[in-house]
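Trainee: Have a peek at structure.cif (mmCIF, C-alpha atoms, pLDDT in the B column; chains and numbers go by the auth columns).
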data_model
loop_
_atom_site.group_PDB
_atom_site.id
_atom_site.type_symbol
_atom_site.label_atom_id
_atom_site.label_comp_id
_atom_site.label_asym_id
_atom_site.label_seq_id
_atom_site.Cartn_x
_atom_site.Cartn_y
_atom_site.Cartn_z
_atom_site.B_iso_or_equiv
_atom_site.auth_seq_id
_atom_site.auth_asym_id
ATOM 1 C CA MET A 1 0.000 0.000 0.000 70.00 1 A
ATOM 2 C CA GLY A 2 2.819 2.391 0.849 76.00 2 A
ATOM 3 C CA TRP A 3 4.503 1.915 -2.512 79.00 3 A
ATOM 4 C CA ILE A 4 1.293 2.822 -4.348 88.00 4 A
ATOM 5 C CA VAL A 5 0.862 6.024 -2.344 86.00 5 A
ATOM 6 C CA TRP A 6 4.526 6.877 -2.880 85.00 6 A
ATOM 7 C CA LEU A 7 4.256 6.385 -6.645 89.00 7 A
ATOM 8 C CA VAL A 8 1.091 8.501 -6.863 91.00 8 A
ATOM 9 C CA GLY A 9 2.709 11.270 -4.827 88.00 9 A
ATOM 10 C CA LEU A 10 5.823 11.171 -6.961 90.00 10 A
ATOM 11 C CA ALA A 11 3.809 11.295 -10.188 93.00 11 A
ATOM 12 C CA LEU A 12 1.700 14.212 -8.974 92.00 12 A
ATOM 13 C CA SER A 13 4.796 16.093 -7.823 92.00 13 A
ATOM 14 C CA ILE A 14 6.490 15.633 -11.176 92.00 14 A
ATOM 15 C CA GLY A 15 3.311 16.747 -12.939 93.00 15 A
ATOM 16 C CA GLY A 16 3.107 19.786 -10.695 93.00 16 A
ATOM 17 C CA LEU A 17 6.547 20.942 -11.777 93.00 17 A
ATOM 18 C CA PHE A 18 5.043 22.047 -15.090 94.00 18 A
ATOM 19 C CA ARG A 19 2.537 24.391 -13.415 91.00 19 A
ATOM 20 C CA ASN A 20 2.844 27.631 -11.484 91.00 20 A
ATOM 21 C CA PRO A 21 3.486 28.019 -8.518 92.00 21 A
ATOM 22 C CA LYS A 22 5.996 25.204 -8.207 91.00 22 A
ATOM 23 C CA GLY A 23 6.781 25.379 -4.478 92.00 23 A
ATOM 24 C CA THR A 24 4.414 22.634 -3.368 93.00 24 A
ATOM 25 C CA ALA A 25 5.494 20.351 -6.217 93.00 25 A
ATOM 26 C CA ILE A 26 9.154 20.774 -5.318 94.00 26 A
ATOM 27 C CA ALA A 27 8.406 20.089 -1.653 94.00 27 A
ATOM 28 C CA GLY A 28 6.460 16.950 -2.586 91.00 28 A
ATOM 29 C CA LEU A 29 9.293 15.764 -4.797 93.00 29 A
ATOM 30 C CA ILE A 30 11.856 16.250 -2.033 94.00 30 A
ATOM 31 C CA ILE A 31 9.665 14.452 0.502 92.00 31 A
ATOM 32 C CA SER A 32 9.145 11.574 -1.943 90.00 32 A
ATOM 33 C CA PHE A 33 12.872 11.127 -2.469 91.00 33 A
ATOM 34 C CA LEU A 34 13.588 11.361 1.274 92.00 34 A
ATOM 35 C CA ASP A 35 10.968 8.673 1.860 88.00 35 A
ATOM 36 C CA LEU A 36 12.613 6.460 -0.769 88.00 36 A
ATOM 37 C CA ILE A 37 16.030 6.880 0.864 93.00 37 A
ATOM 38 C CA LEU A 38 14.612 6.047 4.305 91.00 38 A
ATOM 39 C CA LEU A 39 12.837 3.001 2.895 88.00 39 A
ATOM 40 C CA ILE A 40 16.054 1.709 1.319 91.00 40 A
ATOM 41 C CA ILE A 41 17.912 2.194 4.618 95.00 41 A
ATOM 42 C CA LEU A 42 15.161 0.408 6.554 93.00 42 A
ATOM 43 C CA VAL A 43 15.090 -2.565 4.174 92.00 43 A
ATOM 44 C CA THR A 44 18.891 -2.799 4.331 95.00 44 A
ATOM 45 C CA LEU A 45 18.863 -2.789 8.136 96.00 45 A
ATOM 46 C CA ILE A 46 16.122 -5.408 8.320 95.00 46 A
ATOM 47 C CA ALA A 47 17.967 -7.621 5.828 95.00 47 A
ATOM 48 C CA GLY A 48 21.169 -7.263 7.848 94.00 48 A
ATOM 49 C CA VAL A 49 19.457 -8.247 11.093 94.00 49 A
ATOM 50 C CA ALA A 50 17.659 -11.159 9.432 92.00 50 A
ATOM 51 C CA SER A 51 20.880 -12.515 7.943 91.00 51 A
ATOM 52 C CA SER A 52 22.665 -12.425 11.302 88.00 52 A
ATOM 53 C CA LEU A 53 20.072 -14.634 12.996 83.00 53 A
#
Let me see whether you can do it: turn the structure in this file into structure tokens.

Mentor:
Amino acid sequence: MGWIVWLVGLALSIGGLFRNPKGTAIAGLIISFLDLILLIILVTLIAGVASSL
């Protein structure tokens, strides 16, 4: 479910870059990429813990 919401938010943010004002679209894009980075870190940590068991 989270991936679907993330993809929709990313698509809407990218679409919003072609309209004025762009501030909210840029903020949404930054938040989407931060969420992706945090998700990658979380999956990496979980995989590391699971492999050490």

Trainee: Atom CA of A:Ile37 to atom CA of A:Ala11: how many Å, to one decimal?

Mentor: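 Spanning atom CA of A:Ile37 to atom CA of A:Ala11 is a straight-line distance of 17.1 Å.
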
Trainee: Would you write out, as a list in words, every residue that the PyMOL selection byres ((chain A and resi 7-10) around 10) captures in this file?

Mentor: Gly2, Trp3, Ile4, Val5, Trp6, Ala11, Leu12, Ser13, Ile14, Gly15, Gly16, Ala25, Gly28, Leu29, Ile30, Ile31, Ser32 and Phe33 of chain A

Trainee: Give me, please, the distance in Å between atom CA of A:Ile26 and atom CA of A:Leu42, quoted to one decimal.

Mentor: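 Computing the Euclidean distance for atom CA of A:Ile26 and atom CA of A:Leu42 yields 24.3 Å.
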
Trainee: Just to confirm, what's the straight-line distance from atom CA of A:Val43 to atom CA of A:Met1 in Å (one decimal)?

Mentor: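 For atom CA of A:Val43 relative to atom CA of A:Met1, the distance reads 15.9 Å.
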
Trainee: Please define a box with edges along x, y and z of the file around all atoms of stretch 24-30 of chain A given in the file, extend it by 3 Å on each side, and return its centre and edge lengths in Å to one decimal, as JSON.

Mentor:
{"center_x": 8.1, "center_y": 19.2, "center_z": -3.9, "size_x": 13.4, "size_y": 12.9, "size_z": 10.6}

Trainee: Write stretch 8-37 of chain A as an mmCIF file, in the frame of the given file, completed to N, CA and C atoms.

Mentor:
data_model
loop_
_atom_site.group_PDB
_atom_site.id
_atom_site.type_symbol
_atom_site.label_atom_id
_atom_site.label_comp_id
_atom_site.auth_asym_id
_atom_site.auth_seq_id
_atom_site.Cartn_x
_atom_site.Cartn_y
_atom_site.Cartn_z
ATOM 1 N N VAL A 8 2.075 7.478 -6.507
ATOM 2 C CA VAL A 8 1.091 8.501 -6.863
ATOM 3 C C VAL A 8 1.597 9.883 -6.461
ATOM 4 N N GLY A 9 2.159 9.992 -5.267
ATOM 5 C CA GLY A 9 2.709 11.270 -4.827
ATOM 6 C C GLY A 9 3.852 11.743 -5.698
ATOM 7 N N LEU A 10 4.705 10.822 -6.091
ATOM 8 C CA LEU A 10 5.823 11.171 -6.961
ATOM 9 C C LEU A 10 5.323 11.640 -8.323
ATOM 10 N N ALA A 11 4.350 10.923 -8.880
ATOM 11 C CA ALA A 11 3.809 11.295 -10.188
ATOM 12 C C ALA A 11 3.127 12.658 -10.138
ATOM 13 N N LEU A 12 2.370 12.913 -9.092
ATOM 14 C CA LEU A 12 1.700 14.212 -8.974
ATOM 15 C C LEU A 12 2.708 15.346 -8.761
ATOM 16 N N SER A 13 3.765 15.072 -8.032
ATOM 17 C CA SER A 13 4.796 16.093 -7.823
ATOM 18 C C SER A 13 5.514 16.423 -9.122
ATOM 19 N N ILE A 14 5.824 15.393 -9.892
ATOM 20 C CA ILE A 14 6.490 15.633 -11.176
ATOM 21 C C ILE A 14 5.557 16.398 -12.106
ATOM 22 N N GLY A 15 4.288 16.022 -12.119
ATOM 23 C CA GLY A 15 3.311 16.747 -12.939
ATOM 24 C C GLY A 15 3.147 18.186 -12.504
ATOM 25 N N GLY A 16 3.243 18.434 -11.213
ATOM 26 C CA GLY A 16 3.107 19.786 -10.695
ATOM 27 C C GLY A 16 4.271 20.697 -11.024
ATOM 28 N N LEU A 17 5.397 20.117 -11.416
ATOM 29 C CA LEU A 17 6.547 20.942 -11.777
ATOM 30 C C LEU A 17 6.302 21.763 -13.041
ATOM 31 N N PHE A 18 5.334 21.345 -13.847
ATOM 32 C CA PHE A 18 5.043 22.047 -15.090
ATOM 33 C C PHE A 18 3.947 23.093 -14.938
ATOM 34 N N ARG A 19 3.554 23.376 -13.690
ATOM 35 C CA ARG A 19 2.537 24.391 -13.415
ATOM 36 C C ARG A 19 3.109 25.447 -12.477
ATOM 37 N N ASN A 20 2.431 26.570 -12.403
ATOM 38 C CA ASN A 20 2.844 27.631 -11.484
ATOM 39 C C ASN A 20 1.830 27.747 -10.372
ATOM 40 N N PRO A 21 2.157 27.988 -9.151
ATOM 41 C CA PRO A 21 3.486 28.019 -8.518
ATOM 42 C C PRO A 21 4.028 26.609 -8.315
ATOM 43 N N LYS A 22 5.328 26.504 -8.263
ATOM 44 C CA LYS A 22 5.996 25.204 -8.207
ATOM 45 C C LYS A 22 6.452 24.805 -6.807
ATOM 46 N N GLY A 23 6.260 25.638 -5.821
ATOM 47 C CA GLY A 23 6.781 25.379 -4.478
ATOM 48 C C GLY A 23 6.278 24.093 -3.863
ATOM 49 N N THR A 24 4.981 23.840 -3.952
ATOM 50 C CA THR A 24 4.414 22.634 -3.368
ATOM 51 C C THR A 24 4.888 21.395 -4.115
ATOM 52 N N ALA A 25 5.019 21.487 -5.429
ATOM 53 C CA ALA A 25 5.494 20.351 -6.217
ATOM 54 C C ALA A 25 6.935 20.007 -5.864
ATOM 55 N N ILE A 26 7.754 21.011 -5.683
ATOM 56 C CA ILE A 26 9.154 20.774 -5.318
ATOM 57 C C ILE A 26 9.233 20.159 -3.927
ATOM 58 N N ALA A 27 8.428 20.656 -3.002
ATOM 59 C CA ALA A 27 8.406 20.089 -1.653
ATOM 60 C C ALA A 27 7.950 18.636 -1.685
ATOM 61 N N GLY A 28 6.930 18.327 -2.469
ATOM 62 C CA GLY A 28 6.460 16.950 -2.586
ATOM 63 C C GLY A 28 7.497 16.039 -3.191
ATOM 64 N N LEU A 29 8.236 16.539 -4.158
ATOM 65 C CA LEU A 29 9.293 15.764 -4.797
ATOM 66 C C LEU A 29 10.421 15.463 -3.809
ATOM 67 N N ILE A 30 10.803 16.444 -3.031
ATOM 68 C CA ILE A 30 11.856 16.250 -2.033
ATOM 69 C C ILE A 30 11.416 15.255 -0.974
ATOM 70 N N ILE A 31 10.182 15.378 -0.502
ATOM 71 C CA ILE A 31 9.665 14.452 0.502
ATOM 72 C C ILE A 31 9.592 13.035 -0.057
ATOM 73 N N SER A 32 9.205 12.891 -1.320
ATOM 74 C CA SER A 32 9.145 11.574 -1.943
ATOM 75 C C SER A 32 10.520 10.927 -2.009
ATOM 76 N N PHE A 33 11.531 11.691 -2.383
ATOM 77 C CA PHE A 33 12.872 11.127 -2.469
ATOM 78 C C PHE A 33 13.453 10.826 -1.088
ATOM 79 N N LEU A 34 13.145 11.653 -0.087
ATOM 80 C CA LEU A 34 13.588 11.361 1.274
ATOM 81 C C LEU A 34 12.942 10.075 1.779
ATOM 82 N N ASP A 35 11.664 9.890 1.467
ATOM 83 C CA ASP A 35 10.968 8.673 1.860
ATOM 84 C C ASP A 35 11.598 7.451 1.194
ATOM 85 N N LEU A 36 11.970 7.570 -0.066
ATOM 86 C CA LEU A 36 12.613 6.460 -0.769
ATOM 87 C C LEU A 36 13.958 6.117 -0.130
ATOM 88 N N ILE A 37 14.727 7.114 0.229
ATOM 89 C CA ILE A 37 16.030 6.880 0.864
ATOM 90 C C ILE A 37 15.848 6.197 2.221
#
